Amino acid sequence: NAGVTQTPKFQVLKTGQSMTLQCAQDMNHEYMSWYRQDPGMGLRLIHYSVGAGITDQGEVPNGYNVSRSTTEDFPLRLLSAAPSQTSVYFCASSYTPVSPVNEQFFGPGTRLTVL
Amino acid sequence: AQKVTQAQTEISVVEKEDVTLDCVYETRDTTYYLFWYKQPPSGELVFLIRRNSFDEQNEISGRYSWNFQKSTSSFNFTITASQVVDSAVYFCALSEAWNYGGSQGNLIFGKGTKLSVKP
(Lines give C-alpha, C1' and ligand atoms only; values in the text may rest on other atoms or scores of the structure.)
Protein backbone atom coordinates (compact mmCIF):
# COMPACT_ATOMS: atom_id res chain seq x y z
CA ASN A 1 0.00 0.00 0.00
CA ALA A 2 1.23 3.46 -0.89
CA GLY A 3 -0.97 4.98 1.83
CA VAL A 4 -1.91 8.62 1.22
CA THR A 5 -0.07 10.31 -1.63
CA GLN A 6 0.00 13.99 -2.49
CA THR A 7 1.28 15.80 -5.54
CA PRO A 8 3.05 18.07 -6.04
CA LYS A 9 5.41 18.33 -3.07
CA PHE A 10 6.19 21.97 -3.78
CA GLN A 11 4.44 24.61 -5.87
CA VAL A 12 4.90 28.31 -6.51
CA LEU A 13 1.98 30.24 -7.96
CA LYS A 14 1.35 33.83 -8.89
CA THR A 15 -1.64 35.64 -7.49
CA GLY A 16 -4.72 34.83 -9.52
CA GLN A 17 -3.47 31.55 -10.93
CA SER A 18 -5.41 28.37 -10.42
CA MET A 19 -4.19 24.89 -9.59
CA THR A 20 -5.24 21.55 -8.19
CA LEU A 21 -3.53 19.74 -5.35
CA GLN A 22 -3.89 16.01 -5.82
CA CYS A 23 -4.57 13.50 -3.06
CA ALA A 24 -5.05 9.77 -3.43
CA GLN A 25 -5.31 6.84 -1.05
CA ASP A 26 -5.29 3.12 -1.72
CA MET A 27 -6.70 1.92 1.59
CA ASN A 28 -10.39 2.06 0.59
CA HIS A 29 -11.03 4.74 3.21
CA GLU A 30 -14.36 6.49 3.04
CA TYR A 31 -13.34 9.57 4.95
CA MET A 32 -10.88 12.04 3.41
CA SER A 33 -10.00 15.58 4.36
CA TRP A 34 -7.75 18.53 3.62
CA TYR A 35 -5.95 20.59 6.25
CA ARG A 36 -3.72 23.60 5.99
CA GLN A 37 -0.86 24.30 8.36
CA ASP A 38 0.29 27.81 9.07
CA PRO A 39 3.01 28.86 11.52
CA GLY A 40 1.67 29.04 15.05
CA MET A 41 -1.81 27.95 13.97
CA GLY A 42 -1.69 24.19 14.04
CA LEU A 43 -3.66 22.39 11.34
CA ARG A 44 -7.05 23.67 10.29
CA LEU A 45 -9.66 21.75 8.34
CA ILE A 46 -10.51 23.08 4.88
CA HIS A 47 -12.92 20.51 3.41
CA TYR A 48 -13.78 16.92 4.06
CA SER A 49 -15.66 14.05 2.47
CA VAL A 50 -17.41 11.10 4.09
CA GLY A 51 -17.68 9.18 0.84
CA ALA A 52 -17.74 9.44 -2.93
CA GLY A 53 -20.09 12.20 -4.04
CA ILE A 54 -20.28 13.79 -0.58
CA THR A 55 -18.25 16.79 0.51
CA ASP A 56 -18.62 19.45 3.17
CA GLN A 57 -16.85 22.52 4.46
CA GLY A 58 -14.48 22.65 7.37
CA GLU A 59 -13.21 25.57 9.39
CA VAL A 60 -11.46 27.51 6.58
CA PRO A 61 -13.13 26.65 3.23
CA ASN A 62 -13.04 30.05 1.49
CA GLY A 63 -11.03 30.07 -1.72
CA TYR A 64 -11.02 26.29 -2.09
CA ASN A 65 -13.18 23.77 -3.93
CA VAL A 66 -13.26 20.01 -3.66
CA SER A 67 -14.99 17.10 -5.31
CA ARG A 68 -15.02 13.37 -4.63
CA SER A 69 -15.89 11.38 -7.73
CA THR A 70 -14.09 8.23 -6.57
CA THR A 71 -13.26 6.69 -3.21
CA GLU A 72 -9.57 6.97 -3.93
CA ASP A 73 -9.17 10.61 -4.97
CA PHE A 74 -9.91 13.91 -3.26
CA PRO A 75 -8.42 16.87 -5.17
CA LEU A 76 -8.30 20.38 -3.73
CA ARG A 77 -8.73 23.25 -6.18
CA LEU A 78 -7.59 26.82 -5.79
CA LEU A 79 -9.54 28.83 -8.36
CA SER A 80 -7.70 32.14 -7.95
CA ALA A 81 -4.70 31.87 -5.68
CA ALA A 82 -4.02 34.57 -3.11
CA PRO A 83 -0.92 35.17 -0.96
CA SER A 84 -3.03 34.25 2.10
CA GLN A 85 -3.15 30.70 0.73
CA THR A 86 0.57 30.29 1.14
CA SER A 87 0.70 27.30 3.46
CA VAL A 88 1.49 23.63 3.81
CA TYR A 89 -1.44 21.45 2.81
CA PHE A 90 -2.05 17.99 4.20
CA CYS A 91 -4.49 15.42 2.94
CA ALA A 92 -5.74 12.73 5.33
CA SER A 93 -7.92 9.65 5.19
CA SER A 94 -9.37 7.27 7.74
CA TYR A 95 -11.26 4.05 8.09
CA THR A 96 -14.94 3.46 7.54
CA PRO A 97 -17.33 3.94 10.43
CA VAL A 98 -17.52 0.24 11.13
CA SER A 99 -14.06 0.47 12.60
CA PRO A 100 -14.01 1.65 16.18
CA VAL A 101 -10.71 3.31 15.53
CA ASN A 102 -10.69 6.84 14.23
CA GLU A 103 -7.05 7.14 13.25
CA GLN A 104 -6.30 9.44 10.36
CA PHE A 105 -3.48 8.76 7.97
CA PHE A 106 -1.75 11.83 6.61
CA GLY A 107 -0.04 12.41 3.30
CA PRO A 108 3.45 13.95 3.15
CA GLY A 109 2.14 17.46 2.48
CA THR A 110 2.30 20.04 -0.31
CA ARG A 111 4.17 23.28 0.34
CA LEU A 112 2.46 26.06 -1.62
CA THR A 113 3.77 29.59 -2.07
CA VAL A 114 1.64 32.27 -3.69
CA LEU A 115 3.53 35.34 -4.83
CA ALA B 1 -17.50 23.95 20.72
CA GLN B 2 -14.45 21.75 20.61
CA LYS B 3 -11.07 23.21 21.39
CA VAL B 4 -7.55 21.99 22.07
CA THR B 5 -5.06 24.15 23.93
CA GLN B 6 -1.33 23.55 23.99
CA ALA B 7 -0.14 26.38 26.16
CA GLN B 8 3.57 25.68 25.68
CA THR B 9 4.66 27.17 22.38
CA GLU B 10 8.31 26.13 22.65
CA ILE B 11 10.28 24.02 25.08
CA SER B 12 14.02 23.56 25.14
CA VAL B 13 15.71 20.83 27.16
CA VAL B 14 19.09 19.19 27.36
CA GLU B 15 19.42 15.59 26.30
CA LYS B 16 18.42 13.03 28.94
CA GLU B 17 16.08 15.42 30.67
CA ASP B 18 12.43 14.42 31.07
CA VAL B 19 9.90 16.73 29.47
CA THR B 20 6.11 16.96 29.63
CA LEU B 21 3.98 18.49 26.92
CA ASP B 22 0.62 19.74 28.11
CA CYS B 23 -2.70 19.37 26.30
CA VAL B 24 -6.05 20.62 27.56
CA TYR B 25 -9.20 19.99 25.58
CA GLU B 26 -12.82 21.12 25.57
CA THR B 27 -15.77 19.15 24.29
CA ARG B 28 -19.40 18.60 25.20
CA ASP B 29 -19.39 15.07 23.91
CA THR B 30 -19.13 12.08 26.19
CA THR B 31 -17.50 9.96 23.49
CA TYR B 32 -14.42 11.35 21.80
CA TYR B 33 -10.88 10.52 20.78
CA LEU B 34 -7.62 12.21 21.65
CA PHE B 35 -4.45 12.01 19.60
CA TRP B 36 -0.83 13.02 19.64
CA TYR B 37 1.12 13.57 16.43
CA LYS B 38 4.80 14.31 15.95
CA GLN B 39 6.06 16.53 13.15
CA PRO B 40 9.84 16.25 12.76
CA PRO B 41 11.82 18.85 10.81
CA SER B 42 11.23 16.83 7.64
CA GLY B 43 7.58 17.90 7.85
CA GLU B 44 5.53 14.72 7.81
CA LEU B 45 2.97 14.00 10.50
CA VAL B 46 3.68 10.90 12.54
CA PHE B 47 0.88 9.32 14.55
CA LEU B 48 1.91 8.59 18.14
CA ILE B 49 -1.18 7.60 20.09
CA ARG B 50 -4.96 7.53 20.10
CA ARG B 51 -7.10 7.42 23.23
CA ASN B 52 -10.86 7.12 23.53
CA SER B 53 -12.76 8.91 26.22
CA PHE B 54 -13.70 5.74 28.07
CA ASP B 55 -10.16 4.61 28.61
CA GLU B 56 -8.38 6.64 31.25
CA GLN B 57 -5.55 4.23 31.72
CA ASN B 58 -2.17 5.81 31.33
CA GLU B 59 -0.08 4.39 28.54
CA ILE B 60 3.63 3.86 28.22
CA SER B 61 5.50 3.10 25.03
CA GLY B 62 9.23 2.99 25.53
CA ARG B 63 10.34 6.47 26.58
CA TYR B 64 6.91 7.92 25.83
CA SER B 65 4.02 8.03 28.26
CA TRP B 66 0.62 9.64 28.25
CA ASN B 67 -1.51 10.78 31.17
CA PHE B 68 -5.21 11.12 30.40
CA GLN B 69 -7.33 12.80 33.09
CA LYS B 70 -10.97 13.47 32.30
CA SER B 71 -11.42 15.37 35.55
CA THR B 72 -9.09 18.08 34.31
CA SER B 73 -9.71 17.55 30.56
CA SER B 74 -6.03 16.96 30.01
CA PHE B 75 -4.01 14.53 27.92
CA ASN B 76 -0.37 15.20 28.71
CA PHE B 77 2.60 13.61 26.99
CA THR B 78 5.89 12.88 28.74
CA ILE B 79 9.18 11.96 27.12
CA THR B 80 11.61 10.35 29.51
CA ALA B 81 15.34 10.72 28.97
CA SER B 82 14.86 12.92 25.92
CA GLN B 83 17.07 12.52 22.87
CA VAL B 84 18.03 14.86 20.06
CA VAL B 85 15.83 12.83 17.70
CA ASP B 86 12.83 13.87 19.78
CA SER B 87 13.22 17.43 18.50
CA ALA B 88 9.99 18.15 16.65
CA VAL B 89 6.68 19.91 16.83
CA TYR B 90 4.10 17.90 18.74
CA PHE B 91 0.41 18.29 18.15
CA CYS B 92 -2.46 17.23 20.35
CA ALA B 93 -5.79 16.70 18.58
CA LEU B 94 -9.40 15.86 19.40
CA SER B 95 -12.22 14.28 17.42
CA GLU B 96 -15.73 13.19 18.21
CA ALA B 97 -16.73 9.58 17.88
CA TRP B 98 -17.59 8.67 14.34
CA ASN B 99 -21.17 8.66 13.10
CA TYR B 100 -21.59 7.98 9.43
CA GLY B 101 -22.39 11.05 7.39
CA GLY B 102 -21.36 13.50 10.04
CA SER B 103 -18.39 15.72 10.66
CA GLN B 104 -17.32 13.78 13.68
CA GLY B 105 -14.28 12.34 11.97
CA ASN B 106 -12.67 15.75 11.77
CA LEU B 107 -9.65 16.50 13.91
CA ILE B 108 -9.36 19.66 15.97
CA PHE B 109 -5.67 20.40 16.48
CA GLY B 110 -3.88 22.40 19.09
CA LYS B 111 -1.34 24.91 17.84
CA GLY B 112 1.54 22.62 18.65
CA THR B 113 4.54 22.65 20.95
CA LYS B 114 8.00 22.89 19.46
CA LEU B 115 10.42 20.75 21.41
CA SER B 116 14.14 21.30 21.01
CA VAL B 117 16.46 18.78 22.60
CA LYS B 118 20.05 19.95 22.77
CA PRO B 119 22.99 17.56 23.08
# chains A, B, ... in the order shown; residues from 1 in each chain; ligands from 1

$ residues_around --residues "segment 27-38 of chain B" --least-positions-apart "4" --cutoff "9 Å" --atoms "only C-alpha atoms" --output "NGL selection string"
(:A and (101-103)) or (:B and (1-4 or 44-54 or 73 or 75 or 77 or 86 or 88-98 or 104 or 107))

$ residues_around --residues "segment 110-116 of chain B" --least-positions-apart "4" --cutoff "10 Å" --atoms "only C-alpha atoms" --output "PyMOL selection string"
(chain A and resi 37-44) or (chain B and resi 3-15+19+21-25+36-40+82-94)

$ write_last_selection --atoms "N, CA and C atoms" --output "CSV table (one decimal), in the first residue's frame"
chain,number,residue,atom,x,y,z
A,37,GLN,N,-1.7,24.0,7.2
A,37,GLN,CA,-0.9,24.3,8.4
A,37,GLN,C,-0.1,25.6,8.2
A,38,ASP,N,-0.4,26.5,9.1
A,38,ASP,CA,0.3,27.8,9.1
A,38,ASP,C,1.1,28.0,10.4
A,39,PRO,N,2.2,28.7,10.3
A,39,PRO,CA,3.0,28.9,11.5
A,39,PRO,C,2.2,29.3,12.7
A,40,GLY,N,2.3,28.6,13.8
A,40,GLY,CA,1.7,29.0,15.1
A,40,GLY,C,0.2,28.8,15.1
A,41,MET,N,-0.4,28.1,14.0
A,41,MET,CA,-1.8,28.0,14.0
A,41,MET,C,-2.2,26.5,14.1
A,42,GLY,N,-1.3,25.6,14.1
A,42,GLY,CA,-1.7,24.2,14.0
A,42,GLY,C,-2.2,23.8,12.7
A,43,LEU,N,-3.0,22.8,12.6
A,43,LEU,CA,-3.7,22.4,11.3
A,43,LEU,C,-5.1,22.7,11.4
A,44,ARG,N,-5.6,23.3,10.3
A,44,ARG,CA,-7.1,23.7,10.3
A,44,ARG,C,-7.7,23.0,9.1
B,3,LYS,N,-12.3,22.4,21.4
B,3,LYS,CA,-11.1,23.2,21.4
B,3,LYS,C,-9.9,22.4,22.0
B,4,VAL,N,-8.7,22.6,21.5
B,4,VAL,CA,-7.6,22.0,22.1
B,4,VAL,C,-6.5,23.1,22.3
B,5,THR,N,-6.0,23.1,23.5
B,5,THR,CA,-5.1,24.2,23.9
B,5,THR,C,-3.7,23.5,24.3
B,6,GLN,N,-2.7,23.9,23.6
B,6,GLN,CA,-1.3,23.6,24.0
B,6,GLN,C,-0.6,24.8,24.4
B,7,ALA,N,-0.6,25.1,25.7
B,7,ALA,CA,-0.1,26.4,26.2
B,7,ALA,C,1.4,26.6,25.9
B,8,GLN,N,2.1,25.5,25.9
B,8,GLN,CA,3.6,25.7,25.7
B,8,GLN,C,3.9,25.8,24.2
B,9,THR,N,4.3,27.0,23.8
B,9,THR,CA,4.7,27.2,22.4
B,9,THR,C,6.0,26.5,22.0
B,10,GLU,N,7.0,26.7,22.9
B,10,GLU,CA,8.3,26.1,22.7
B,10,GLU,C,8.9,25.7,24.0
B,11,ILE,N,9.6,24.5,23.9
B,11,ILE,CA,10.3,24.0,25.1
B,11,ILE,C,11.7,23.6,24.6
B,12,SER,N,12.6,24.0,25.4
B,12,SER,CA,14.0,23.6,25.1
B,12,SER,C,14.6,22.8,26.3
B,13,VAL,N,15.1,21.6,26.1
B,13,VAL,CA,15.7,20.8,27.2
B,13,VAL,C,17.1,20.3,26.7
B,14,VAL,N,17.8,19.8,27.7
B,14,VAL,CA,19.1,19.2,27.4
B,14,VAL,C,18.9,17.7,27.3
B,15,GLU,N,19.6,17.0,26.4
B,15,GLU,CA,19.4,15.6,26.3
B,15,GLU,C,19.4,14.9,27.7
B,19,VAL,N,10.7,15.6,29.9
B,19,VAL,CA,9.9,16.7,29.5
B,19,VAL,C,8.4,16.3,29.3
B,21,LEU,N,4.7,17.6,27.8
B,21,LEU,CA,4.0,18.5,26.9
B,21,LEU,C,2.5,18.5,27.3
B,22,ASP,N,2.0,19.6,27.6
B,22,ASP,CA,0.6,19.7,28.1
B,22,ASP,C,-0.4,19.9,27.0
B,23,CYS,N,-1.6,19.3,27.2
B,23,CYS,CA,-2.7,19.4,26.3
B,23,CYS,C,-4.0,19.4,27.1
B,24,VAL,N,-4.8,20.5,26.9
B,24,VAL,CA,-6.1,20.6,27.6
B,24,VAL,C,-7.1,20.7,26.5
B,25,TYR,N,-8.2,20.0,26.6
B,25,TYR,CA,-9.2,20.0,25.6
B,25,TYR,C,-10.6,20.4,26.1
B,36,TRP,N,-2.1,12.3,19.7
B,36,TRP,CA,-0.8,13.0,19.6
B,36,TRP,C,-0.1,12.7,18.3
B,37,TYR,N,0.3,13.7,17.6
B,37,TYR,CA,1.1,13.6,16.4
B,37,TYR,C,2.5,14.3,16.6
B,38,LYS,N,3.5,13.7,16.0
B,38,LYS,CA,4.8,14.3,16.0
B,38,LYS,C,5.1,14.8,14.5
B,39,GLN,N,5.6,16.0,14.4
B,39,GLN,CA,6.1,16.5,13.1
B,39,GLN,C,7.5,16.9,13.2
B,40,PRO,N,8.4,16.0,12.7
B,40,PRO,CA,9.8,16.2,12.8
B,40,PRO,C,10.2,17.3,11.7
B,82,SER,N,15.0,12.4,27.3
B,82,SER,CA,14.9,12.9,25.9
B,82,SER,C,16.1,12.8,25.1
B,83,GLN,N,15.9,12.7,23.8
B,83,GLN,CA,17.1,12.5,22.9
B,83,GLN,C,16.9,13.6,21.8
B,84,VAL,N,18.0,13.8,21.1
B,84,VAL,CA,18.0,14.9,20.1
B,84,VAL,C,17.0,14.5,19.0
B,85,VAL,N,16.8,13.2,18.7
B,85,VAL,CA,15.8,12.8,17.7
B,85,VAL,C,14.4,13.1,18.1
B,86,ASP,N,14.2,13.5,19.4
B,86,ASP,CA,12.8,13.9,19.8
B,86,ASP,C,12.5,15.3,19.4
B,87,SER,N,13.5,16.0,18.9
B,87,SER,CA,13.2,17.4,18.5
B,87,SER,C,12.2,17.4,17.4
B,88,ALA,N,11.1,18.1,17.6
B,88,ALA,CA,10.0,18.1,16.6
B,88,ALA,C,8.9,19.1,17.2
B,89,VAL,N,7.9,19.2,16.4
B,89,VAL,CA,6.7,19.9,16.8
B,89,VAL,C,5.7,18.8,17.1
B,90,TYR,N,5.1,18.9,18.3
B,90,TYR,CA,4.1,17.9,18.7
B,90,TYR,C,2.7,18.5,18.8
B,91,PHE,N,1.8,17.8,18.2
B,91,PHE,CA,0.4,18.3,18.1
B,91,PHE,C,-0.5,17.3,18.9
B,92,CYS,N,-1.4,17.9,19.7
B,92,CYS,CA,-2.5,17.2,20.4
B,92,CYS,C,-3.7,17.5,19.5
B,93,ALA,N,-4.6,16.5,19.4
B,93,ALA,CA,-5.8,16.7,18.6
B,93,ALA,C,-7.0,16.0,19.2
B,94,LEU,N,-8.2,16.4,18.8
B,94,LEU,CA,-9.4,15.9,19.4
B,94,LEU,C,-10.4,15.6,18.3
